[in-house]
$ cat structure_1.cif   # mmCIF, C-alpha atoms and all ligand atoms
data_entry
loop_
_atom_site.label_atom_id
_atom_site.label_comp_id
_atom_site.auth_asym_id
_atom_site.auth_seq_id
_atom_site.Cartn_x
_atom_site.Cartn_y
_atom_site.Cartn_z
CA MET A 140 14.99 -75.64 -131.77
CA GLU A 141 18.66 -75.02 -130.99
CA ASN A 142 18.29 -71.51 -132.38
CA GLN A 143 15.19 -70.91 -130.27
CA THR A 144 17.04 -71.90 -127.07
CA LYS A 145 19.97 -69.61 -128.00
CA ASN A 146 17.60 -66.70 -128.61
CA LEU A 147 15.81 -67.32 -125.31
CA THR A 148 19.09 -67.43 -123.42
CA ARG A 149 20.28 -64.23 -125.13
CA ARG A 150 16.98 -62.47 -124.36
CA LYS A 151 17.21 -63.58 -120.73
CA LEU A 152 20.80 -62.38 -120.50
CA LEU A 153 19.90 -59.05 -122.09
CA LYS A 154 16.94 -58.64 -119.77
CA SER A 155 18.91 -59.35 -116.63
CA SER A 156 21.81 -57.11 -117.71
CA LEU A 157 19.34 -54.30 -118.46
CA LYS A 158 17.90 -54.78 -115.00
CA VAL A 159 21.37 -54.51 -113.44
CA THR A 160 22.34 -51.43 -115.48
CA GLY A 161 18.97 -49.83 -114.79
CA GLY A 162 19.39 -50.57 -111.12
CA ILE A 163 22.84 -48.99 -111.08
CA ALA A 164 21.53 -45.97 -112.98
CA VAL A 165 18.69 -45.51 -110.48
CA ALA A 166 21.07 -46.02 -107.56
CA VAL A 167 23.64 -43.59 -108.99
CA SER A 168 21.10 -40.89 -109.89
CA GLY A 169 19.32 -41.46 -106.56
CA GLY A 170 22.67 -41.01 -104.82
CA LEU A 171 23.41 -37.85 -106.79
CA VAL A 172 19.99 -36.38 -106.06
CA TYR A 173 20.47 -37.29 -102.38
CA ARG A 174 23.90 -35.55 -102.41
CA ALA A 175 22.44 -32.52 -104.16
CA VAL A 176 19.69 -32.23 -101.53
CA GLU A 177 21.99 -33.09 -98.61
CA GLU A 178 24.57 -30.47 -99.63
CA ASP A 179 21.89 -27.96 -100.66
CA MET A 180 23.21 -27.59 -104.19
CA PHE A 181 19.91 -26.09 -105.34
CA SER A 182 20.63 -22.79 -103.56
CA PRO A 183 23.64 -20.64 -104.35
CA PHE A 184 26.70 -21.29 -102.14
CA ASP A 185 26.70 -19.17 -98.99
CA GLY A 186 28.75 -19.00 -95.78
CA PRO A 187 31.72 -16.94 -94.57
CA ALA A 188 33.05 -16.24 -98.09
CA TYR A 189 29.94 -14.13 -98.76
CA GLN A 190 29.84 -12.42 -95.36
CA PRO A 191 31.56 -9.18 -96.53
CA TRP A 192 28.42 -8.36 -98.56
CA LYS A 193 26.53 -8.11 -95.24
CA SER A 194 29.13 -7.21 -92.60
CA TRP A 195 29.61 -3.61 -93.84
CA LYS A 196 26.08 -3.09 -92.48
CA THR A 197 25.99 -5.45 -89.48
CA ASP A 198 29.58 -4.76 -88.27
CA PRO A 199 30.71 -1.44 -89.75
CA LEU A 200 34.37 -0.61 -89.10
CA SER A 201 35.53 2.81 -87.97
CA PHE A 202 36.61 5.48 -90.46
CA PRO A 203 38.74 5.24 -92.61
CA LEU A 204 38.83 1.40 -92.41
CA VAL A 205 35.16 1.34 -93.37
CA THR A 206 36.17 2.58 -96.85
CA VAL A 207 38.19 -0.64 -97.29
CA GLN A 208 35.13 -2.62 -96.21
CA MET A 209 33.34 -1.13 -99.25
CA ALA A 210 36.39 -1.20 -101.57
CA ILE A 211 36.62 -5.01 -101.44
CA LEU A 212 33.07 -5.30 -102.82
CA ALA A 213 34.16 -3.70 -106.10
CA ALA A 214 34.20 -5.32 -109.53
CA ASN A 215 37.61 -6.75 -110.42
CA PRO A 216 39.02 -9.04 -113.12
CA HIS A 217 38.22 -12.75 -112.58
CA ASN A 218 37.48 -11.94 -108.94
CA THR A 219 41.23 -11.95 -108.26
CA GLN A 220 40.79 -9.10 -105.72
CA PRO A 221 44.28 -7.82 -106.54
CA TRP A 222 44.29 -5.06 -103.90
CA LEU A 223 46.14 -4.36 -100.67
CA PHE A 224 45.53 -1.34 -98.44
CA LYS A 225 47.81 0.47 -95.99
CA VAL A 226 45.59 2.47 -93.67
CA HIS A 227 46.76 5.72 -92.05
CA GLN A 228 44.80 8.16 -89.89
CA ASP A 229 43.50 10.30 -92.76
CA SER A 230 44.68 8.51 -95.88
CA ILE A 231 44.93 5.03 -97.40
CA GLU A 232 47.62 3.79 -99.77
CA ILE A 233 46.47 1.29 -102.39
CA PHE A 234 48.83 -1.38 -103.70
CA ALA A 235 48.56 -4.02 -106.44
CA ASP A 236 49.29 -7.56 -105.25
CA ARG A 237 51.45 -9.05 -108.02
CA ARG A 238 50.60 -12.64 -107.02
CA ARG A 239 46.97 -11.99 -107.98
CA HIS A 240 47.86 -11.43 -111.62
CA LEU A 241 46.00 -13.22 -114.42
CA GLY A 242 49.19 -13.92 -116.42
CA SER A 243 48.55 -14.32 -120.16
CA PHE A 244 44.93 -13.21 -119.67
CA ASP A 245 46.17 -9.76 -118.59
CA PRO A 246 49.87 -9.62 -119.54
CA PHE A 247 50.18 -5.85 -119.01
CA ARG A 248 48.10 -5.86 -115.80
CA ARG A 249 45.72 -3.46 -117.54
CA GLU A 250 42.64 -5.18 -116.14
CA MET A 251 44.25 -5.33 -112.71
CA GLN A 252 44.68 -1.54 -112.87
CA ILE A 253 40.99 -1.15 -113.84
CA GLY A 254 39.94 -3.37 -110.92
CA LEU A 255 41.97 -1.21 -108.52
CA GLY A 256 40.17 1.84 -109.93
CA CYS A 257 36.83 0.15 -109.18
CA ALA A 258 37.91 -0.32 -105.54
CA ILE A 259 39.02 3.32 -105.26
CA GLU A 260 35.63 4.55 -106.51
CA ASN A 261 33.88 2.55 -103.78
CA MET A 262 36.28 4.08 -101.21
CA THR A 263 35.41 7.63 -102.26
CA LEU A 264 31.66 6.88 -102.18
CA ALA A 265 32.02 5.36 -98.70
CA ALA A 266 34.12 8.30 -97.49
CA LYS A 267 31.42 10.73 -98.66
CA ALA A 268 28.73 8.73 -96.88
CA HIS A 269 30.79 9.10 -93.69
CA GLY A 270 31.29 12.85 -94.15
CA TYR A 271 34.68 12.98 -95.88
CA ASP A 272 35.83 14.28 -99.25
CA SER A 273 38.55 12.31 -101.05
CA GLN A 274 41.57 13.35 -103.10
CA VAL A 275 43.04 10.58 -105.21
CA GLU A 276 46.73 10.82 -106.09
CA VAL A 277 47.59 8.29 -108.80
CA ILE A 278 51.03 6.84 -109.58
CA GLN A 279 51.64 7.85 -113.21
CA GLY A 280 53.43 5.94 -115.96
CA ALA A 281 52.86 3.25 -118.56
CA LEU A 282 51.77 -0.32 -117.91
CA ALA A 283 54.47 -2.80 -118.96
CA GLU A 284 54.47 -6.54 -119.51
CA HIS A 285 54.93 -8.48 -116.27
CA PRO A 286 55.23 -12.14 -115.34
CA ILE A 287 53.41 -13.38 -112.22
CA THR A 288 55.77 -12.65 -109.32
CA GLU A 289 55.76 -11.98 -105.58
CA GLY A 290 55.62 -8.39 -104.40
CA ILE A 291 53.46 -5.30 -104.39
CA ASP A 292 53.29 -2.07 -106.40
CA LYS A 293 51.92 1.20 -105.13
CA ILE A 294 49.03 2.41 -107.28
CA ALA A 295 47.51 5.44 -105.54
CA THR A 296 46.88 7.25 -102.28
CA VAL A 297 43.42 8.40 -101.24
CA SER A 298 43.51 11.30 -98.71
CA PHE A 299 40.43 12.32 -96.74
CA THR A 300 39.33 15.75 -95.52
CA GLN A 301 36.25 16.57 -93.45
CA GLY A 302 33.26 17.42 -95.68
CA ILE A 303 29.48 17.12 -95.76
CA ALA A 304 28.07 13.59 -95.42
CA GLU A 305 26.06 12.37 -98.41
CA ASN A 306 24.38 8.99 -98.39
CA THR A 307 24.12 8.67 -102.18
CA SER A 308 22.11 6.07 -104.07
CA LEU A 309 25.39 4.85 -105.62
CA TYR A 310 26.80 4.20 -102.13
CA GLN A 311 23.63 2.34 -101.14
CA ALA A 312 23.92 0.21 -104.30
CA ILE A 313 27.48 -1.04 -103.59
CA ALA A 314 26.35 -4.24 -101.85
CA HIS A 315 23.64 -4.93 -104.46
CA ARG A 316 25.90 -4.65 -107.53
CA HIS A 317 26.75 -8.04 -109.01
CA THR A 318 27.99 -9.06 -112.45
CA ASP A 319 25.03 -10.69 -114.22
CA ARG A 320 26.03 -13.47 -116.65
CA ASN A 321 22.48 -14.80 -117.02
CA PRO A 322 20.44 -14.34 -120.21
CA TYR A 323 18.81 -10.89 -120.35
CA ASP A 324 15.21 -9.98 -121.20
CA VAL A 325 15.10 -9.77 -125.00
CA THR A 326 11.83 -7.80 -124.99
CA LYS A 327 13.35 -4.71 -123.34
CA SER A 328 15.75 -2.13 -124.71
CA ILE A 329 17.79 0.42 -122.78
CA PRO A 330 15.95 3.72 -122.22
CA ASP A 331 17.54 6.71 -124.03
CA ASP A 332 17.93 8.69 -120.80
CA MET A 333 20.01 5.85 -119.33
CA ILE A 334 22.35 5.82 -122.32
CA GLN A 335 22.56 9.61 -122.08
CA ALA A 336 23.41 9.41 -118.37
CA PHE A 337 26.16 6.88 -119.16
CA ALA A 338 27.55 9.13 -121.94
CA THR A 339 27.62 12.14 -119.59
CA GLU A 340 29.47 10.12 -116.95
CA CYS A 341 32.02 8.92 -119.53
CA GLN A 342 32.60 12.47 -120.77
CA ALA A 343 33.17 13.65 -117.20
CA HIS A 344 35.93 11.01 -116.96
CA ALA A 345 37.45 12.06 -120.36
CA CYS A 346 36.52 8.63 -121.80
CA ARG A 347 34.71 7.72 -124.99
CA LEU A 348 31.61 5.53 -124.87
CA ASP A 349 30.24 3.62 -127.87
CA ILE A 350 26.94 1.78 -127.49
CA PHE A 351 25.79 -0.81 -130.05
CA GLU A 352 22.17 -1.89 -130.02
CA HIS A 353 21.13 -2.87 -133.55
CA GLY A 354 22.26 -2.88 -137.16
CA LYS A 355 25.58 -3.49 -138.88
CA ALA A 356 27.78 -2.02 -136.15
CA ARG A 357 26.11 -4.30 -133.58
CA GLN A 358 26.71 -7.31 -135.85
CA SER A 359 30.31 -6.27 -136.19
CA ILE A 360 30.97 -6.00 -132.43
CA ASP A 361 29.19 -9.34 -131.85
CA LEU A 362 31.41 -10.91 -134.53
CA LEU A 363 34.53 -9.52 -132.84
CA MET A 364 33.37 -10.76 -129.43
CA ASN A 365 32.89 -14.28 -130.81
CA LYS A 366 36.20 -14.25 -132.69
CA ALA A 367 38.09 -13.04 -129.63
CA THR A 368 36.43 -15.69 -127.45
CA GLN A 369 37.36 -18.42 -129.95
CA ALA A 370 40.95 -17.13 -130.07
CA ILE A 371 41.15 -17.31 -126.27
CA VAL A 372 39.71 -20.83 -126.18
CA GLN A 373 42.39 -21.93 -128.67
CA ASP A 374 45.17 -20.38 -126.56
CA GLU A 375 46.18 -23.08 -124.09
CA GLU A 376 48.12 -20.71 -121.82
CA MET A 377 45.17 -18.34 -121.53
CA VAL A 378 42.80 -21.23 -120.80
CA MET A 379 45.09 -22.47 -118.02
CA ASP A 380 45.64 -18.99 -116.54
CA SER A 381 41.87 -18.50 -116.41
CA THR A 382 41.10 -21.99 -115.03
CA ARG A 383 43.52 -21.48 -112.10
CA TRP A 384 40.99 -19.06 -110.59
CA LEU A 385 37.78 -21.06 -111.06
CA ARG A 386 36.18 -22.25 -107.81
CA THR A 387 33.63 -25.00 -108.39
CA THR A 388 33.07 -26.42 -104.89
CA ASP A 389 31.94 -24.94 -101.61
CA LYS A 390 35.25 -26.03 -100.06
CA ALA A 391 37.31 -24.19 -102.70
CA ILE A 392 35.14 -21.09 -102.32
CA GLN A 393 35.45 -21.00 -98.53
CA THR A 394 39.20 -21.69 -98.69
CA HIS A 395 40.15 -19.13 -101.35
CA ARG A 396 37.24 -16.68 -101.11
CA ASP A 397 37.96 -15.43 -104.66
CA GLY A 398 37.56 -16.43 -108.31
CA PRO A 399 34.51 -17.00 -110.50
CA THR A 400 32.01 -19.63 -109.26
CA LEU A 401 29.35 -21.86 -110.84
CA ASP A 402 26.60 -19.80 -109.16
CA GLY A 403 27.83 -16.67 -110.93
CA ALA A 404 28.29 -18.32 -114.33
CA GLY A 405 24.77 -17.65 -115.59
CA LEU A 406 23.85 -21.35 -115.93
CA SER A 407 20.21 -22.50 -115.87
CA PRO A 408 19.17 -23.91 -112.44
CA MET A 409 19.27 -27.52 -113.65
CA ILE A 410 22.65 -27.26 -115.39
CA ARG A 411 24.05 -25.46 -112.34
CA VAL A 412 23.07 -28.34 -110.03
CA LEU A 413 24.44 -30.92 -112.48
CA ALA A 414 27.67 -28.93 -112.80
CA LYS A 415 28.02 -28.97 -109.02
CA ILE A 416 27.39 -32.74 -108.78
CA PHE A 417 29.51 -34.02 -111.65
CA PRO A 418 33.32 -33.75 -111.90
CA ASP A 419 34.65 -30.52 -113.48
CA PRO A 420 35.00 -30.54 -117.27
CA THR A 421 38.56 -30.27 -118.59
CA PRO A 422 39.82 -26.65 -118.82
CA LEU A 423 39.34 -26.74 -122.60
CA GLU A 424 35.80 -28.19 -122.36
CA GLY A 425 34.91 -25.59 -119.71
CA HIS A 426 36.10 -22.76 -121.96
CA ARG A 427 34.25 -24.23 -124.97
CA ILE A 428 31.05 -24.13 -122.89
CA TRP A 429 31.83 -20.47 -122.11
CA ALA A 430 32.33 -19.71 -125.84
CA THR A 431 28.92 -21.24 -126.62
CA ALA A 432 27.31 -19.22 -123.82
CA THR A 433 29.00 -16.06 -125.17
CA LYS A 434 27.38 -16.56 -128.56
CA GLU A 435 24.04 -18.11 -127.70
CA SER A 436 23.21 -16.40 -124.42
CA HIS A 437 25.38 -13.37 -123.58
CA LEU A 438 25.38 -11.77 -127.03
CA ALA A 439 22.06 -13.20 -128.20
CA THR A 440 20.14 -11.65 -125.29
CA ALA A 441 22.09 -8.41 -124.73
CA ALA A 442 20.07 -5.25 -125.28
CA ALA A 443 23.31 -3.37 -125.92
CA ILE A 444 27.07 -3.80 -126.10
CA GLY A 445 29.29 -0.99 -124.84
CA LEU A 446 32.92 -0.05 -125.45
CA ILE A 447 34.87 2.35 -123.23
CA SER A 448 37.91 3.92 -124.89
CA ILE A 449 40.77 6.11 -123.69
CA ARG A 450 43.65 7.93 -125.39
CA HIS A 451 46.38 5.52 -124.27
CA ARG A 452 45.50 1.88 -123.68
CA TYR A 453 48.53 1.28 -121.47
CA SER A 454 48.38 4.43 -119.32
CA LYS A 455 48.21 3.61 -115.60
CA ALA A 456 46.22 6.75 -114.79
CA GLU A 457 43.71 6.39 -117.64
CA ASN A 458 42.95 2.74 -116.80
CA LEU A 459 42.52 3.62 -113.14
CA THR A 460 40.01 6.26 -114.26
CA VAL A 461 38.18 3.65 -116.35
CA GLY A 462 37.91 1.45 -113.25
CA ARG A 463 36.39 4.31 -111.30
CA LEU A 464 34.05 5.00 -114.22
CA TRP A 465 33.01 1.35 -114.67
CA GLN A 466 32.20 1.00 -110.97
CA ARG A 467 29.99 4.11 -111.19
CA LEU A 468 28.25 2.92 -114.38
CA HIS A 469 27.54 -0.48 -112.85
CA LEU A 470 26.20 1.17 -109.67
CA MET A 471 24.02 3.52 -111.73
CA ALA A 472 22.68 0.50 -113.63
CA THR A 473 22.02 -1.32 -110.33
CA VAL A 474 19.99 1.63 -109.06
CA ALA A 475 17.98 1.60 -112.33
CA GLY A 476 17.32 -2.18 -112.18
CA LEU A 477 19.60 -2.91 -115.16
CA SER A 478 22.09 -5.76 -115.47
CA MET A 479 25.72 -5.37 -116.52
CA HIS A 480 28.38 -7.86 -117.58
CA PRO A 481 31.95 -6.95 -118.59
CA MET A 482 32.91 -8.94 -121.70
CA ASN A 483 36.49 -7.99 -122.17
CA GLN A 484 37.53 -10.71 -124.59
CA PRO A 485 38.29 -8.30 -127.49
CA VAL A 486 40.69 -6.21 -125.39
CA GLU A 487 42.20 -9.30 -123.72
CA TRP A 488 42.90 -10.51 -127.26
CA VAL A 489 44.51 -7.15 -128.16
CA ASP A 490 46.85 -7.53 -125.15
CA ARG A 491 47.67 -11.13 -126.00
CA GLN A 492 48.42 -10.34 -129.66
CA LYS A 493 50.66 -7.48 -128.52
CA GLN A 494 52.45 -9.73 -126.03
CA LEU A 495 53.06 -12.41 -128.67
CA GLY A 496 54.13 -9.83 -131.28
CA GLN A 497 51.29 -10.88 -133.61
CA ALA A 498 49.56 -8.65 -136.18
CA ASN A 499 46.92 -6.99 -134.04
CA SER A 500 43.69 -7.78 -135.87
CA ALA A 501 41.61 -7.23 -132.72
CA GLU A 502 43.00 -3.72 -132.27
CA GLN A 503 42.23 -2.82 -135.90
CA HIS A 504 38.66 -4.11 -135.59
CA LEU A 505 38.11 -2.17 -132.35
CA SER A 506 39.47 1.08 -133.76
CA LEU A 507 37.01 0.84 -136.68
CA LEU A 508 34.17 0.59 -134.16
CA ALA A 509 35.31 3.11 -131.56
CA GLY A 510 36.63 6.44 -132.75
CA GLY A 511 39.50 5.50 -135.07
CA ALA A 512 43.17 6.14 -134.31
CA ALA A 513 42.49 8.82 -131.68
CA TRP A 514 40.91 6.34 -129.23
CA GLN A 515 41.92 2.97 -127.79
CA THR A 516 39.30 0.66 -126.29
CA THR A 517 40.13 -0.73 -122.85
CA PHE A 518 36.79 -2.12 -121.62
CA ALA A 519 33.84 -3.93 -123.24
CA PHE A 520 30.54 -4.92 -121.68
CA ARG A 521 26.94 -5.89 -122.34
CA MET A 522 23.83 -4.59 -120.66
CA GLY A 523 20.14 -5.40 -120.50
CA TYR A 524 17.27 -6.14 -118.14
CA PRO A 525 17.63 -9.15 -115.83
CA THR A 526 15.62 -12.35 -116.13
CA VAL A 527 16.78 -13.68 -112.74
CA PRO A 528 18.59 -11.97 -109.88
CA ALA A 529 22.39 -11.90 -110.13
CA VAL A 530 24.22 -13.49 -107.19
CA PRO A 531 27.20 -12.23 -105.17
CA SER A 532 30.70 -13.58 -105.67
CA PRO A 533 32.98 -14.56 -102.76
CA ARG A 534 35.23 -12.02 -101.04
CA LYS A 535 38.30 -12.27 -98.82
CA PRO A 536 37.82 -10.59 -95.44
CA VAL A 537 39.11 -7.03 -94.92
CA LYS A 538 41.95 -8.19 -92.67
CA GLU A 539 43.45 -10.25 -95.51
CA SER A 540 43.57 -7.15 -97.70
CA LEU A 541 45.53 -5.00 -95.25
CA ILE A 542 49.25 -4.37 -95.17
C1 LIG B 601 38.71 -5.13 -115.69
C2 LIG B 601 37.62 -6.15 -115.56
C3 LIG B 601 37.45 -7.10 -116.57
C4 LIG B 601 36.43 -8.05 -116.47
N1 LIG B 601 36.24 -8.93 -117.51
C5 LIG B 601 35.25 -9.83 -117.45
C6 LIG B 601 34.99 -10.69 -118.55
O1 LIG B 601 35.63 -10.61 -119.60
N2 LIG B 601 33.99 -11.59 -118.42
C7 LIG B 601 33.23 -11.69 -117.28
O2 LIG B 601 32.34 -12.53 -117.22
N3 LIG B 601 33.42 -10.85 -116.24
C8 LIG B 601 34.40 -9.93 -116.29
N4 LIG B 601 34.60 -9.04 -115.27
C9 LIG B 601 33.72 -9.12 -114.09
C10 LIG B 601 34.45 -9.79 -112.96
O3 LIG B 601 34.63 -11.16 -113.24
C11 LIG B 601 33.66 -9.58 -111.66
O4 LIG B 601 33.67 -8.21 -111.35
C12 LIG B 601 34.26 -10.38 -110.51
O5 LIG B 601 34.14 -11.75 -110.72
C13 LIG B 601 33.58 -10.03 -109.19
O6 LIG B 601 32.20 -10.28 -109.28
P1 LIG B 601 31.13 -9.14 -109.04
O7 LIG B 601 31.34 -8.09 -110.09
O8 LIG B 601 29.82 -9.83 -109.20
O9 LIG B 601 31.34 -8.59 -107.67
C14 LIG B 601 35.59 -8.06 -115.34
C15 LIG B 601 35.74 -7.09 -114.35
C16 LIG B 601 36.74 -6.13 -114.46
C17 LIG B 601 36.87 -5.08 -113.40
#

$ encode --input "structure_1.cif" --output "C-alpha cells"
Amino acid sequence: MENQTKNLTRRKLLKSSLKVTGGIAVAVSGGLVYRAVEEDMFSPFDGPAYQPWKSWKTDPLSFPLVTVQMAILAANPHNTQPWLFKVHQDSIEIFADRRRHLGSFDPFRREMQIGLGCAIENMTLAAKAHGYDSQVEVIQGALAEHPITEGIDKIATVSFTQGIAENTSLYQAIAHRHTDRNPYDVTKSIPDDMIQAFATECQAHACRLDIFEHGKARQSIDLLMNKATQAIVQDEEMVMDSTRWLRTTDKAIQTHRDGPTLDGAGLSPMIRVLAKIFPDPTPLEGHRIWATATKESHLATAAAIGLISIRHRYSKAENLTVGRLWQRLHLMATVAGLSMHPMNQPVEWVDRQKQLGQANSAEQHLSLLAGGAAWQTTFAFRMGYPTVPAVPSPRKPVKESLI
C-alpha cells in the first residue's frame, strides 16, 4: 500500500514535470519560430550591404570610377575586400590594405594578391564596356611573410586609353558571379569543350591547369583536400584568424559589409535558419562543421577539382595574373551556368607549413599532382552544376574603398 502511494506520487510528479518541460519546449520553439518569421530568417539577408550588386546598374558612376564599382564585386579571400583605389583622370592605382590581411591563413599575403588580381580583371572588363583599353603595370617582386599591420602597399596601376566599346558576356556576368558552396548536381559532368576553354585561358596567362574528375588522381586530390582541412581545423591560430571574419547576424553584415556569411555557407535551408536562430558554435565547432561539409558535400558532389599552378608560388606578378585568370574562369563558368568554389586549403597549408618551418608535406603532394618541380600550385577549386542558386556576399560601398 505504502509502495503504491509512493509510485502514484512519483508518477504524478513525473507527469507534471513533463508537462512543464513540454510547455517550456513549445514556448521556446514557438518563440524561435516567431523570431525566425519576424526577422525573415527564411530568406537570405539583404539590405544596404548587398546594394553594390545592383547599384552598378541603377546608379552607374562616371568613367573611370565605374571600373571601381565593378572591381569591388570581384572574388577575394574570405571576403576581406583587401583593396583600395586611388582614382586619377585616366588611370587608377590599386593598393593592398594591410589591415584586411588573413594572418596565419595567408601569412605571405599570396591570396590577398590573387584577390587584387580578381578586382583588376573586373576593372579591365568594365573599362572595355565603356570604350577604353587598359594597360596594367604590376609592382614586381617576391611576396614575403607579413604580420597584420596598419598601412597600404601599392600593387599595380591600370591606365586607360580610348578604344572600341565591347559589352562582353564576361562583363555582363560580373554581378551574377557568386561562389557556390552548396552541393552540386552529381548526375552532371563538365563538358569537354568547357574544360578545353579553361585550359586555353590558362595557357594564355602562362599558367598550368590540372583538372581531376575521376580515378586515382581524383582520389589523391580529395585526400589532400581533406588532410589540409583537418590540419587547418587543428591549428588554433588559423581557426581564430578565419573566425574573426565570419558574419553570422544581419547586424554584423550591415556593420562590416564583408566576410563570409551563413547564407553563403552552402547550408540546407533548415540548418541555415537554425544556425541563424541559435547562438554561434565555438570557433573550433564551426570549423569542424566546415571540415565535415568539405568531405561530405563539397568534395562528394564536385564534378571536378582544379589546380592552377605557376612557376613561382611567391611571385607578386604571377599571383596577380592568377587572380585575373580566376576571375575570368569564374565569369566564363557563370555564363555557362556552371558553379565554382575556390577550395584553397591545400595551398593555405603549404603557406602555413612554410611559415612554421615544418616539412612541407602539402607542397610535395601538390607537386606530384600538378607538373612536378617545374610548377607550383597557388589556387585550388571545385566545379560542377548547381542544385540551388548561389547567393551574393556583402560588399563595402565604393566610397569606403577609395583613397
Ligand atoms: C584567393 C582566394 C582564395 C579563396 N579561398 C576560398 C576557400 O578556400 N574556400 C572558400 O569557400 N572560398 C574561398 N574563396 C572565395 C571567397 O571566399 C569569395 O570570393 C568571397 O567570400 C566573396 O564571395 P563571392 O565570390 O561570392 O563574391 C577564395 C577566393 C579567393 C580570391

$ atom_distance --input "structure_1.cif" --atom1 "atom CA of Phe184 of chain A" --atom2 "atom CA of Leu309 of chain A"
26.4 Å

$ axis_aligned_box --input "structure_1.cif" --around "segment 187-194 of chain A" --padding-each-side "6 Å" --output "AutoDock Vina command-line options"
--center_x 29.8 --center_y -12.1 --center_z -95.7 --size_x 18.5 --size_y 21.7 --size_z 18.2

$ residues_near_ligand --input "structure_1.cif" --ligand "ligand LIG 601 (chain B)" --cutoff "8 Å" --atoms "only C-alpha atoms and all ligand atoms" --output "count of residues only"
40

$ closest_residue --input "structure_1.cif" --among "A:His437, A:Arg238, A:Lys225, A:Lys196" --to "Leu541 of chain A" --atoms "all atoms listed in the file"
A:Lys225

$ residues_around --input "structure_1.cif" --residues "segment 260-268 of chain A" --least-positions-apart "4" --cutoff "6 Å" --atoms "all atoms listed in the file" --output "MDAnalysis selection string"
chainID A and resid 206 209:210 272:273 304:306 310 463

$ write_last_selection --input "structure_1.cif" --atoms "C-alpha atoms" --output "short mmCIF file (atom, residue, chain, number, x, y, z; two decimals), in the frame of the given file"
data_model
loop_
_atom_site.label_atom_id
_atom_site.label_comp_id
_atom_site.auth_asym_id
_atom_site.auth_seq_id
_atom_site.Cartn_x
_atom_site.Cartn_y
_atom_site.Cartn_z
CA THR A 206 36.17 2.58 -96.85
CA MET A 209 33.34 -1.13 -99.25
CA ALA A 210 36.39 -1.20 -101.57
CA ASP A 272 35.83 14.28 -99.25
CA SER A 273 38.55 12.31 -101.05
CA ALA A 304 28.07 13.59 -95.42
CA GLU A 305 26.06 12.37 -98.41
CA ASN A 306 24.38 8.99 -98.39
CA TYR A 310 26.80 4.20 -102.13
CA ARG A 463 36.39 4.31 -111.30
#

$ closest_residue --input "structure_1.cif" --among "A:Asp389, A:Ala345, A:Leu505, A:His315" --to "Ile416 of chain A" --atoms "only C-alpha atoms"
A:Asp389

$ residues_around --input "structure_1.cif" --residues "Ile371 of chain A" --least-positions-apart "2" --cutoff "12 Å" --atoms "all atoms listed in the file" --output "ChimeraX atom specification"
/A:243-245,364-369,373-381,423,426-427,429-430,483-492,501

$ write_last_selection --input "structure_1.cif" --atoms "C-alpha atoms" --output "PDB file, in the coordinates of the input"
ATOM      1  CA  SER A 243      48.550 -14.320-120.160  1.00  0.00           C
ATOM      2  CA  PHE A 244      44.930 -13.210-119.670  1.00  0.00           C
ATOM      3  CA  ASP A 245      46.170  -9.760-118.590  1.00  0.00           C
ATOM      4  CA  MET A 364      33.370 -10.760-129.430  1.00  0.00           C
ATOM      5  CA  ASN A 365      32.890 -14.280-130.810  1.00  0.00           C
ATOM      6  CA  LYS A 366      36.200 -14.250-132.690  1.00  0.00           C
ATOM      7  CA  ALA A 367      38.090 -13.040-129.630  1.00  0.00           C
ATOM      8  CA  THR A 368      36.430 -15.690-127.450  1.00  0.00           C
ATOM      9  CA  GLN A 369      37.360 -18.420-129.950  1.00  0.00           C
ATOM     10  CA  GLN A 373      42.390 -21.930-128.670  1.00  0.00           C
ATOM     11  CA  ASP A 374      45.170 -20.380-126.560  1.00  0.00           C
ATOM     12  CA  GLU A 375      46.180 -23.080-124.090  1.00  0.00           C
ATOM     13  CA  GLU A 376      48.120 -20.710-121.820  1.00  0.00           C
ATOM     14  CA  MET A 377      45.170 -18.340-121.530  1.00  0.00           C
ATOM     15  CA  VAL A 378      42.800 -21.230-120.800  1.00  0.00           C
ATOM     16  CA  MET A 379      45.090 -22.470-118.020  1.00  0.00           C
ATOM     17  CA  ASP A 380      45.640 -18.990-116.540  1.00  0.00           C
ATOM     18  CA  SER A 381      41.870 -18.500-116.410  1.00  0.00           C
ATOM     19  CA  LEU A 423      39.340 -26.740-122.600  1.00  0.00           C
ATOM     20  CA  HIS A 426      36.100 -22.760-121.960  1.00  0.00           C
ATOM     21  CA  ARG A 427      34.250 -24.230-124.970  1.00  0.00           C
ATOM     22  CA  TRP A 429      31.830 -20.470-122.110  1.00  0.00           C
ATOM     23  CA  ALA A 430      32.330 -19.710-125.840  1.00  0.00           C
ATOM     24  CA  ASN A 483      36.490  -7.990-122.170  1.00  0.00           C
ATOM     25  CA  GLN A 484      37.530 -10.710-124.590  1.00  0.00           C
ATOM     26  CA  PRO A 485      38.290  -8.300-127.490  1.00  0.00           C
ATOM     27  CA  VAL A 486      40.690  -6.210-125.390  1.00  0.00           C
ATOM     28  CA  GLU A 487      42.200  -9.300-123.720  1.00  0.00           C
ATOM     29  CA  TRP A 488      42.900 -10.510-127.260  1.00  0.00           C
ATOM     30  CA  VAL A 489      44.510  -7.150-128.160  1.00  0.00           C
ATOM     31  CA  ASP A 490      46.850  -7.530-125.150  1.00  0.00           C
ATOM     32  CA  ARG A 491      47.670 -11.130-126.000  1.00  0.00           C
ATOM     33  CA  GLN A 492      48.420 -10.340-129.660  1.00  0.00           C
ATOM     34  CA  ALA A 501      41.610  -7.230-132.720  1.00  0.00           C
TER      35      ALA A 501
END

$ atom_distance --input "structure_1.cif" --atom1 "atom CA of Ala443 of chain A" --atom2 "atom CA of Ser308 of chain A"
23.8 Å

$ closest_residue --input "structure_1.cif" --among "A:Ser201, A:Ala258, A:Gln515, A:Arg452" --to "Gln503 of chain A" --atoms "only C-alpha atoms"
A:Gln515

$ atom_distance --input "structure_1.cif" --atom1 "atom CA of Leu413 of chain A" --atom2 "atom CA of Asp185 of chain A"
18.0 Å

$ residues_near_point --input "structure_1.cif" --point "(35.0, 5.6, -132.5)" --cutoff "12 Å" --atoms "all atoms listed in the file" --output "number ranges by chain"
A: 346-351, 356, 445-450, 503-516

$ closest_residue --input "structure_1.cif" --among "A:Ser540, A:Ile329, A:Arg467, A:Ile360" --to "Leu204 of chain A" --atoms "all atoms listed in the file"
A:Ser540

$ residues_around --input "structure_1.cif" --residues "Leu464 of chain A" --least-positions-apart "4" --cutoff "9 Å" --atoms "only C-alpha atoms" --output "list in words"
Gly256, Cys257, Glu260, Glu340, Cys341, His344, Cys346, Leu459, Thr460, Leu468 and His469 of chain A
